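Novice: Below you'll find the structure I mean.
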Amino acid sequence: MSIAVHAVHKAFDGHPVLRDVSFDVPGGELVALLGPSGCGKTTLLRVIAGLEEADAGAVLHDGAPVEGKSARERNVGLVFQHYALFRHMNVAENVAFGLRVRRRPAAAVRARVQELLRLVQLSGLERRFPSQLSGGQRQRVALARALAAEPRVLLLDEPFGALDARVRQELRQWLRRLHDEIHVTTLFVTHDQEEAFEVADRVVLMNRGQVEQVGTPRQVFDEPRSPFVMQFLGAVNVFHGRLEDGRAHFGGIDVPHPAAGELPAPARLYARPHELEVHRDPTAGSFPARVLRVTPAGSAVRLELHAPTVDRPISAEVEARRAEALALAEGLEVWVAPRRLRVFEGEAADSLSSSQL
Amino acid sequence: MTPPAAAAAEAAAALRVAPAARRPRRAAADPAWVRWGLTALALGALGLLVVAPTALVFAEGLARGWGAYRAALLEPEALRAVRLTLLTAAVAVPANTLFGLCAAWCITRFRWRGKTLLVTLIDLPFGVSPVISGMVTVLLFGSHGLLGPWLQAHDLKVVFAVPGIVMATVFVTFPFVARELIPFLETQGTEEEEAAHLLGASGWQIFWRVTLPNVKWSLLYGVVLCNARAMGEFGAVSVVSGHIRGETNTVPLHVEILYNEYAFSASFAVASLLVLLAAVTLAAKQVVAWRSPSRRASRSLP
């Protein structure tokens with residue numbers, strides 16, 4: 001089943017949480033709602049589930065508005081961040097709940113519970129209570145419970161948030177395989193960029209209650225549509241410059257920027273550490289810098305650089321072999337040539353501070 | 001806690017303890033005299049304040065022998081007092097259980113104006129002396145009271161009659177169930193109910209299958225306390241009852257009357273009924289607690 005969110009607004013006590021949010025989730029896809037904490041993604045998930053009502057706009061399931069439908073008709077499976085398992089019921093009773101309230105025959109319920117517990121690899125733990133399970137097991141019980149009544153859409157709120165790093169890694173891959181197996185339309189909320197990219201077909205990036213960009217992980221990473229997306233998805237260098245005569249200028253160099261007008265305007269230019277080339281001699285479009293620190297990181301070497309023409313430290317990443325060839329060392333004078341720059345007009349500060357770079 | 005986290009916490013604790021290793025003992029291993037002293041103090045206080053008076057009640061009740069004890073209990077006036085007490089509790093406890101559930105539900109599950117006012121009002125019976133509660137009933141329903149003339153015109157008797165006793169008891173035991181449930185429901189949050197709702201449960205199914213099983217221990221505890229107070233209430237009932245023997249006497253009032261008439265052993269014999277009643281309620285609570293599956297589950301946790 002497909003989900004469509006159309007111009008949804010939501011405010012709590014006059015404070016807007018969702019502002020004109022629109023996007024589509026085609027049937028059978030696995031989509032991540034990605035954004036920093038407090039950006040409204042959990043509220044959006046609750047609106048889609050029908051737990052909150054939007055102040056304006058609509059949520060459509062398969063093209064039909066969900067408003068006014070009962071929870072049973074909507075048939076949405078939701079896995080809460082802290083699982084919300086029924087603590088007085090054992091695993092089998094938890095999973096069976098959605099079937100029992102629908103008054104399905106007992107034999108069918110039993111068979112379905114067994115099938116689901118096999119699917120989430122918890123066979124044999126039917127009689128355990130939630131308090132006797134590990135975090136990862138609880139999470140899978142919650143998933144089995146949400147899937148029991150064959151929901152038309154599955155929603156997960158920070159599904160791996162409360163787990164430790166190793167379990168989290170395993171469950172991510174497991175969730176991806178599970179989705180490939182059962183193909184239910186799935187939307188999950190996360191603040192972890194790596195998690196979203198590893199698991200999801202597509203990513204909806206949110207910031208301050210608005211959708212910043214929707215696309216495949218590749219698209220949003222390579223063609224970020226806003227400075228926020230650029231900064232949120234991994235380390236990045238920000239250069240302050242200006243636009244003039246169809247070019248963007250900064251740090252003593254300039255690059256073509258056809259969108260720039262005749263008159264000078266402030267601009268910010270972004271380059272990821274691996275998009276900066278480091279040379280011993282000046283090349284076209286390079287600026288001088290001094291190496292402050294050299295940190296080996298596996299197959300690459302991270303550099304911290306200071307350029308007299310740029311106001312803040314620059315980080316660059318070069319291949320280990322190239323670093324060796326250049327004989328990089330602290331205090332060395334080098335030339336930095338950005339291989340790729342993304343230019344955004346204006347210099348308004350955004351929500352991310354430089355410490356997150 | 002997950003095993004790695006537990007291990008880390010242990011390691012951290014070990015590190016913290018290390019510099020203080022020169023101290024002869026750990027904080028957990030107090031000297032023997034402290035442990036024994038504290039235990040003796042606790043047991044002594046318990047014996048002096050609880051066990052001794054309870055034993056004394058039975059001893060005094062049986063002072064004139066088993067026959068006199070039985071006679072004091074089977075006397076018609078005593079039996080009527082027991083019946084009235086049971087009737088009062090049978091009305092007050094279900095009424096306040098229902099009220100407590102509703103009040104706790106709407107206080108913890110919804111946001112609305114006047115919520116704090118309701119919480120304060122629920123606490124009111126705890127705040128005022130039971131005697132005042134009784135006097136309010138008299139002022140409202142007595143023959144010179146606010147509603148007195150109207151009641152008289154319709155030939156209804158409240159004060160110095162059973163309805164007054166029941167009303168005063170309901171008022172005094174008003175907060176017990178609600179007060180137990182509100183903090184519990186507040187810490188529990190609404191997620192399980194939301195989950196049940198999304199899984200297709202109706203409001204009624206959510207209440208019976210999720211909310212009630214979750215609150216049942218707090219609810220039961222509140223009911224036990226409410227019941228104990230309803231049966232043992234003296235002050236408020238004393239004011240409204242009028243002490244009409246065999247008609248408006250509850251067990252505690254009957255005990256007082258016997259005592260004032262120097263019928264000590266009969267008085268203590270009837271009082272021992274109230275003690276037994278308390279013992280039975282506590283035992284019942286224990287038995288139900290032991291039989292509950294979730295209790296077993298939490299006990300078998302590592």
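Starting from 1 in every chain, residues are counted up; chains themselves are A, B, ... following the order of the structure tokens, and ligands are numbered from 1 as listed.
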Would you give me, as a Markdown table, each residue of chain B having an atom within 6 Å of an atom of chain A, along with its shortest atom pair and that distance in Å to one decimal, using only C-alpha atoms and sorting by chain and residue number?

Specialist:
```
| residue | atom | partner | partner_atom | distance |
| --- | --- | --- | --- | --- |
| B:Glu191 | CA | A:Ala84 | CA | 5.6 |
| B:Glu192 | CA | A:Ala84 | CA | 5.0 |
| B:Leu198 | CA | A:Ala71 | CA | 5.4 |
| B:Leu199 | CA | A:Gly98 | CA | 4.8 |
| B:Gly200 | CA | A:Arg72 | CA | 4.3 |
| B:Ala201 | CA | A:Val101 | CA | 5.5 |
| B:Ser294 | CA | A:His88 | CA | 5.4 |
```

Novice: So which residues touch Ala7 of chain A within 12 Å, counting only C-alpha atoms, skipping near sequence neighbours fewer than 4 positions away, as a ChimeraX atom specification?

Specialist: /A:18-24,44,54-60,209-211

Novice: If you run DSSP on the backbone, which residues of segment 40-282 of chain A are strand (DSSP E or B), as number ranges by chain?

Specialist: A: 56-61, 64-65, 76-79, 153-157, 185-190, 202-207, 210-215, 237-244, 247-250, 253-256, 265-271, 276-279

Novice: Just the residues within 9 Å of Lys115 of chain B, please, counting only C-alpha atoms, with nothing from its chain fewer than 5 positions along; format it as an MDAnalysis selection string.

Specialist: chainID B and resid 106:107 120

Novice: One number please: atom CA of Ala89 of chain B to atom CA of Ile257 of chain B, in Å, one decimal.

Specialist: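 Interatomic distance, atom CA of Ala89 of chain B to atom CA of Ile257 of chain B: 20.8 Å.
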
Novice: Counting only C-alpha atoms, what is within 6 Å of Ser265 of chain B, bar same-chain residues fewer than 2 positions away, as an NGL selection string?

Specialist: :B and (60-61 or 263 or 267-269)

Novice: Produce a file of the selected residues containing C-alpha atoms, as a JSON list (two decimals), in the first residue's frame.

Specialist:
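Output saved as selection-v3.json:
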```json
[["chain", "number", "residue", "atom", "x", "y", "z"],
["B", 60, "GLU", "CA", -8.74, -9.19, 76.80],
["B", 61, "GLY", "CA", -11.48, -10.55, 74.54],
["B", 263, "ALA", "CA", -18.22, -4.42, 79.26],
["B", 267, "SER", "CA", -15.81, -4.84, 73.78],
["B", 268, "PHE", "CA", -12.43, -6.44, 73.04],
["B", 269, "ALA", "CA", -14.12, -9.54, 71.65]]
```

Novice: One decimal, Å: what's the distance from atom CA of Ala108 of chain A over to atom CA of Leu175 of chain A, could you say?

Specialist: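 Calculated distance between atom CA of Ala108 of chain A and atom CA of Leu175 of chain A is 25.5 Å.
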
Novice: DSSP on the backbone, alpha helix (DSSP H) only: what residues of segment 31-278 of chain A does that give? Format it as a PyMOL selection string.

Specialist: chain A and resi 41-49+71-74+91-100+106-119+135-147+165-182+193-199+217-222+227-232

Novice: Leaving out Leu273 of chain B and any residue of its chain fewer than 2 positions from it, which residues lie within 12 Å of it when counting only C-alpha atoms, given as a VMD selection string?

Specialist: chain B and resid 54 57 to 58 61 69 to 70 72 to 74 78 to 79 81 to 82 85 231 to 232 251 to 252 254 to 255 266 to 271 275 to 280

Novice: I need the residue nearest Ser218 of chain B from this list: B:Asp155, B:Glu261, B:Asp123, B:Glu180. Use only C-alpha atoms for the distance.

Specialist: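 For Ser218 of chain B, the nearest of the candidates is B:Glu180.
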
Novice: Which residues, written as a PDB file with all heavy atoms, in the first residue's frame, have at least one atom at most 12 Å from Ile132 of chain B, with only C-alpha atoms counted and residues fewer than 2 positions away on the same chain left out?

Specialist:
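result_23.pdb written:
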```pdb
ATOM      1  N   LEU B 124      -9.155  16.235  49.542  1.00  0.00           N
ATOM      2  CA  LEU B 124      -9.841  16.934  50.623  1.00  0.00           C
ATOM      3  C   LEU B 124     -10.206  16.030  51.810  1.00  0.00           C
ATOM      4  O   LEU B 124      -9.919  16.380  52.960  1.00  0.00           O
ATOM      5  CB  LEU B 124     -11.080  17.642  50.063  1.00  0.00           C
ATOM      6  CG  LEU B 124     -11.728  18.636  51.020  1.00  0.00           C
ATOM      7  CD1 LEU B 124     -10.825  19.839  51.227  1.00  0.00           C
ATOM      8  CD2 LEU B 124     -13.089  19.093  50.491  1.00  0.00           C
ATOM      9  N   PRO B 125     -10.810  14.861  51.574  1.00  0.00           N
ATOM     10  CA  PRO B 125     -11.170  14.013  52.721  1.00  0.00           C
ATOM     11  C   PRO B 125      -9.968  13.619  53.574  1.00  0.00           C
ATOM     12  O   PRO B 125     -10.102  13.373  54.763  1.00  0.00           O
ATOM     13  CB  PRO B 125     -11.794  12.780  52.063  1.00  0.00           C
ATOM     14  CG  PRO B 125     -12.302  13.267  50.766  1.00  0.00           C
ATOM     15  CD  PRO B 125     -11.324  14.293  50.314  1.00  0.00           C
ATOM     16  N   PHE B 126      -8.759  13.564  52.980  1.00  0.00           N
ATOM     17  CA  PHE B 126      -7.555  13.273  53.764  1.00  0.00           C
ATOM     18  C   PHE B 126      -7.172  14.483  54.603  1.00  0.00           C
ATOM     19  O   PHE B 126      -6.560  14.347  55.647  1.00  0.00           O
ATOM     20  CB  PHE B 126      -6.370  12.947  52.836  1.00  0.00           C
ATOM     21  CG  PHE B 126      -6.323  11.517  52.406  1.00  0.00           C
ATOM     22  CD1 PHE B 126      -5.383  11.094  51.460  1.00  0.00           C
ATOM     23  CD2 PHE B 126      -7.203  10.582  52.928  1.00  0.00           C
ATOM     24  CE1 PHE B 126      -5.337   9.770  51.064  1.00  0.00           C
ATOM     25  CE2 PHE B 126      -7.153   9.257  52.537  1.00  0.00           C
ATOM     26  CZ  PHE B 126      -6.221   8.859  51.599  1.00  0.00           C
ATOM     27  N   GLY B 127      -7.515  15.652  54.089  1.00  0.00           N
ATOM     28  CA  GLY B 127      -7.067  16.889  54.720  1.00  0.00           C
ATOM     29  C   GLY B 127      -7.897  17.282  55.928  1.00  0.00           C
ATOM     30  O   GLY B 127      -7.388  17.886  56.856  1.00  0.00           O
ATOM     31  N   VAL B 128      -9.180  16.964  55.895  1.00  0.00           N
ATOM     32  CA  VAL B 128     -10.018  17.400  57.017  1.00  0.00           C
ATOM     33  C   VAL B 128     -10.238  16.247  57.988  1.00  0.00           C
ATOM     34  O   VAL B 128     -10.184  15.084  57.609  1.00  0.00           O
ATOM     35  CB  VAL B 128     -11.391  17.930  56.528  1.00  0.00           C
ATOM     36  CG1 VAL B 128     -11.215  19.104  55.602  1.00  0.00           C
ATOM     37  CG2 VAL B 128     -12.195  16.836  55.871  1.00  0.00           C
ATOM     38  N   SER B 129     -10.500  16.599  59.234  1.00  0.00           N
ATOM     39  CA  SER B 129     -10.752  15.580  60.250  1.00  0.00           C
ATOM     40  C   SER B 129     -12.061  14.858  59.922  1.00  0.00           C
ATOM     41  O   SER B 129     -13.027  15.475  59.479  1.00  0.00           O
ATOM     42  CB  SER B 129     -10.852  16.262  61.609  1.00  0.00           C
ATOM     43  OG  SER B 129     -11.576  15.441  62.491  1.00  0.00           O
ATOM     44  N   PRO B 130     -12.106  13.538  60.138  1.00  0.00           N
ATOM     45  CA  PRO B 130     -13.333  12.787  59.856  1.00  0.00           C
ATOM     46  C   PRO B 130     -14.546  13.345  60.594  1.00  0.00           C
ATOM     47  O   PRO B 130     -15.671  13.282  60.082  1.00  0.00           O
ATOM     48  CB  PRO B 130     -13.012  11.374  60.328  1.00  0.00           C
ATOM     49  CG  PRO B 130     -11.534  11.291  60.313  1.00  0.00           C
ATOM     50  CD  PRO B 130     -11.025  12.666  60.596  1.00  0.00           C
ATOM     51  N   GLY B 134     -18.271  14.238  59.086  1.00  0.00           N
ATOM     52  CA  GLY B 134     -19.567  13.848  59.617  1.00  0.00           C
ATOM     53  C   GLY B 134     -20.460  15.047  59.854  1.00  0.00           C
ATOM     54  O   GLY B 134     -21.639  15.037  59.505  1.00  0.00           O
ATOM     55  N   MET B 135     -19.856  16.122  60.379  1.00  0.00           N
ATOM     56  CA  MET B 135     -20.651  17.313  60.680  1.00  0.00           C
ATOM     57  C   MET B 135     -21.202  17.930  59.408  1.00  0.00           C
ATOM     58  O   MET B 135     -22.333  18.428  59.382  1.00  0.00           O
ATOM     59  CB  MET B 135     -19.786  18.336  61.417  1.00  0.00           C
ATOM     60  CG  MET B 135     -19.245  17.761  62.686  1.00  0.00           C
ATOM     61  SD  MET B 135     -19.476  18.731  64.153  1.00  0.00           S
ATOM     62  CE  MET B 135     -18.895  20.300  63.733  1.00  0.00           C
ATOM     63  N   VAL B 136     -20.410  17.905  58.340  1.00  0.00           N
ATOM     64  CA  VAL B 136     -20.876  18.448  57.065  1.00  0.00           C
ATOM     65  C   VAL B 136     -22.118  17.694  56.617  1.00  0.00           C
ATOM     66  O   VAL B 136     -23.105  18.293  56.162  1.00  0.00           O
ATOM     67  CB  VAL B 136     -19.769  18.371  55.999  1.00  0.00           C
ATOM     68  CG1 VAL B 136     -20.317  18.712  54.625  1.00  0.00           C
ATOM     69  CG2 VAL B 136     -18.625  19.298  56.356  1.00  0.00           C
ATOM     70  N   THR B 137     -22.097  16.376  56.775  1.00  0.00           N
ATOM     71  CA  THR B 137     -23.256  15.569  56.393  1.00  0.00           C
ATOM     72  C   THR B 137     -24.482  15.982  57.210  1.00  0.00           C
ATOM     73  O   THR B 137     -25.573  16.144  56.669  1.00  0.00           O
ATOM     74  CB  THR B 137     -22.961  14.074  56.621  1.00  0.00           C
ATOM     75  OG1 THR B 137     -21.666  13.783  56.095  1.00  0.00           O
ATOM     76  CG2 THR B 137     -23.992  13.195  55.947  1.00  0.00           C
ATOM     77  N   VAL B 138     -24.260  16.186  58.524  1.00  0.00           N
ATOM     78  CA  VAL B 138     -25.379  16.601  59.372  1.00  0.00           C
ATOM     79  C   VAL B 138     -25.894  17.976  58.944  1.00  0.00           C
ATOM     80  O   VAL B 138     -27.089  18.199  58.807  1.00  0.00           O
ATOM     81  CB  VAL B 138     -24.943  16.621  60.856  1.00  0.00           C
ATOM     82  CG1 VAL B 138     -26.063  17.208  61.726  1.00  0.00           C
ATOM     83  CG2 VAL B 138     -24.581  15.227  61.318  1.00  0.00           C
ATOM     84  N   LEU B 139     -24.932  18.907  58.684  1.00  0.00           N
ATOM     85  CA  LEU B 139     -25.336  20.265  58.294  1.00  0.00           C
ATOM     86  C   LEU B 139     -26.119  20.270  56.989  1.00  0.00           C
ATOM     87  O   LEU B 139     -27.019  21.065  56.793  1.00  0.00           O
ATOM     88  CB  LEU B 139     -24.098  21.151  58.156  1.00  0.00           C
ATOM     89  CG  LEU B 139     -23.473  21.615  59.466  1.00  0.00           C
ATOM     90  CD1 LEU B 139     -22.208  22.411  59.199  1.00  0.00           C
ATOM     91  CD2 LEU B 139     -24.469  22.440  60.265  1.00  0.00           C
ATOM     92  N   ALA B 168     -21.260   9.219  54.688  1.00  0.00           N
ATOM     93  CA  ALA B 168     -20.070   9.691  55.414  1.00  0.00           C
ATOM     94  C   ALA B 168     -18.879   8.779  55.129  1.00  0.00           C
ATOM     95  O   ALA B 168     -17.752   9.240  54.922  1.00  0.00           O
ATOM     96  CB  ALA B 168     -20.356   9.727  56.908  1.00  0.00           C
ATOM     97  N   PHE B 171     -17.513   9.372  51.651  1.00  0.00           N
ATOM     98  CA  PHE B 171     -16.737  10.612  51.620  1.00  0.00           C
ATOM     99  C   PHE B 171     -15.341  10.410  52.205  1.00  0.00           C
ATOM    100  O   PHE B 171     -14.347  10.810  51.607  1.00  0.00           O
ATOM    101  CB  PHE B 171     -17.484  11.700  52.397  1.00  0.00           C
ATOM    102  CG  PHE B 171     -16.764  13.011  52.431  1.00  0.00           C
ATOM    103  CD1 PHE B 171     -16.835  13.875  51.353  1.00  0.00           C
ATOM    104  CD2 PHE B 171     -16.009  13.384  53.537  1.00  0.00           C
ATOM    105  CE1 PHE B 171     -16.163  15.090  51.374  1.00  0.00           C
ATOM    106  CE2 PHE B 171     -15.334  14.593  53.565  1.00  0.00           C
ATOM    107  CZ  PHE B 171     -15.413  15.446  52.478  1.00  0.00           C
ATOM    108  N   VAL B 172     -15.275   9.757  53.343  1.00  0.00           N
ATOM    109  CA  VAL B 172     -13.987   9.603  54.027  1.00  0.00           C
ATOM    110  C   VAL B 172     -13.047   8.691  53.237  1.00  0.00           C
ATOM    111  O   VAL B 172     -11.838   8.903  53.211  1.00  0.00           O
ATOM    112  CB  VAL B 172     -14.211   9.061  55.458  1.00  0.00           C
ATOM    113  CG1 VAL B 172     -12.890   8.663  56.088  1.00  0.00           C
ATOM    114  CG2 VAL B 172     -14.894  10.113  56.311  1.00  0.00           C
ATOM    115  N   GLY B 235     -14.822   8.296  63.355  1.00  0.00           N
ATOM    116  CA  GLY B 235     -15.177   9.691  63.602  1.00  0.00           C
ATOM    117  C   GLY B 235     -16.406  10.171  62.850  1.00  0.00           C
ATOM    118  O   GLY B 235     -17.392  10.607  63.439  1.00  0.00           O
ATOM    119  N   ALA B 236     -16.349  10.099  61.524  1.00  0.00           N
ATOM    120  CA  ALA B 236     -17.436  10.630  60.700  1.00  0.00           C
ATOM    121  C   ALA B 236     -18.729   9.879  60.981  1.00  0.00           C
ATOM    122  O   ALA B 236     -19.798  10.476  61.130  1.00  0.00           O
ATOM    123  CB  ALA B 236     -17.060  10.516  59.227  1.00  0.00           C
ATOM    124  N   VAL B 237     -18.608   8.547  61.067  1.00  0.00           N
ATOM    125  CA  VAL B 237     -19.794   7.717  61.286  1.00  0.00           C
ATOM    126  C   VAL B 237     -20.396   8.005  62.656  1.00  0.00           C
ATOM    127  O   VAL B 237     -21.622   8.073  62.821  1.00  0.00           O
ATOM    128  CB  VAL B 237     -19.411   6.232  61.133  1.00  0.00           C
ATOM    129  CG1 VAL B 237     -20.561   5.331  61.558  1.00  0.00           C
ATOM    130  CG2 VAL B 237     -19.004   5.943  59.699  1.00  0.00           C
ATOM    131  N   SER B 238     -19.534   8.247  63.641  1.00  0.00           N
ATOM    132  CA  SER B 238     -19.993   8.520  65.001  1.00  0.00           C
ATOM    133  C   SER B 238     -20.896   9.752  65.028  1.00  0.00           C
ATOM    134  O   SER B 238     -21.912   9.788  65.723  1.00  0.00           O
ATOM    135  CB  SER B 238     -18.777   8.718  65.907  1.00  0.00           C
ATOM    136  OG  SER B 238     -19.183   9.092  67.183  1.00  0.00           O
ATOM    137  N   VAL B 239     -20.534  10.775  64.235  1.00  0.00           N
ATOM    138  CA  VAL B 239     -21.327  12.007  64.232  1.00  0.00           C
ATOM    139  C   VAL B 239     -22.694  11.786  63.591  1.00  0.00           C
ATOM    140  O   VAL B 239     -23.709  12.221  64.115  1.00  0.00           O
ATOM    141  CB  VAL B 239     -20.562  13.136  63.500  1.00  0.00           C
ATOM    142  CG1 VAL B 239     -21.423  14.393  63.404  1.00  0.00           C
ATOM    143  CG2 VAL B 239     -19.261  13.434  64.213  1.00  0.00           C
ATOM    144  N   VAL B 240     -22.742  11.078  62.472  1.00  0.00           N
ATOM    145  CA  VAL B 240     -24.017  10.951  61.754  1.00  0.00           C
ATOM    146  C   VAL B 240     -24.889   9.807  62.254  1.00  0.00           C
ATOM    147  O   VAL B 240     -26.075   9.767  61.948  1.00  0.00           O
ATOM    148  CB  VAL B 240     -23.820  10.752  60.228  1.00  0.00           C
ATOM    149  CG1 VAL B 240     -23.313  12.013  59.579  1.00  0.00           C
ATOM    150  CG2 VAL B 240     -22.923   9.582  59.930  1.00  0.00           C
TER     151      VAL B 240
END
```
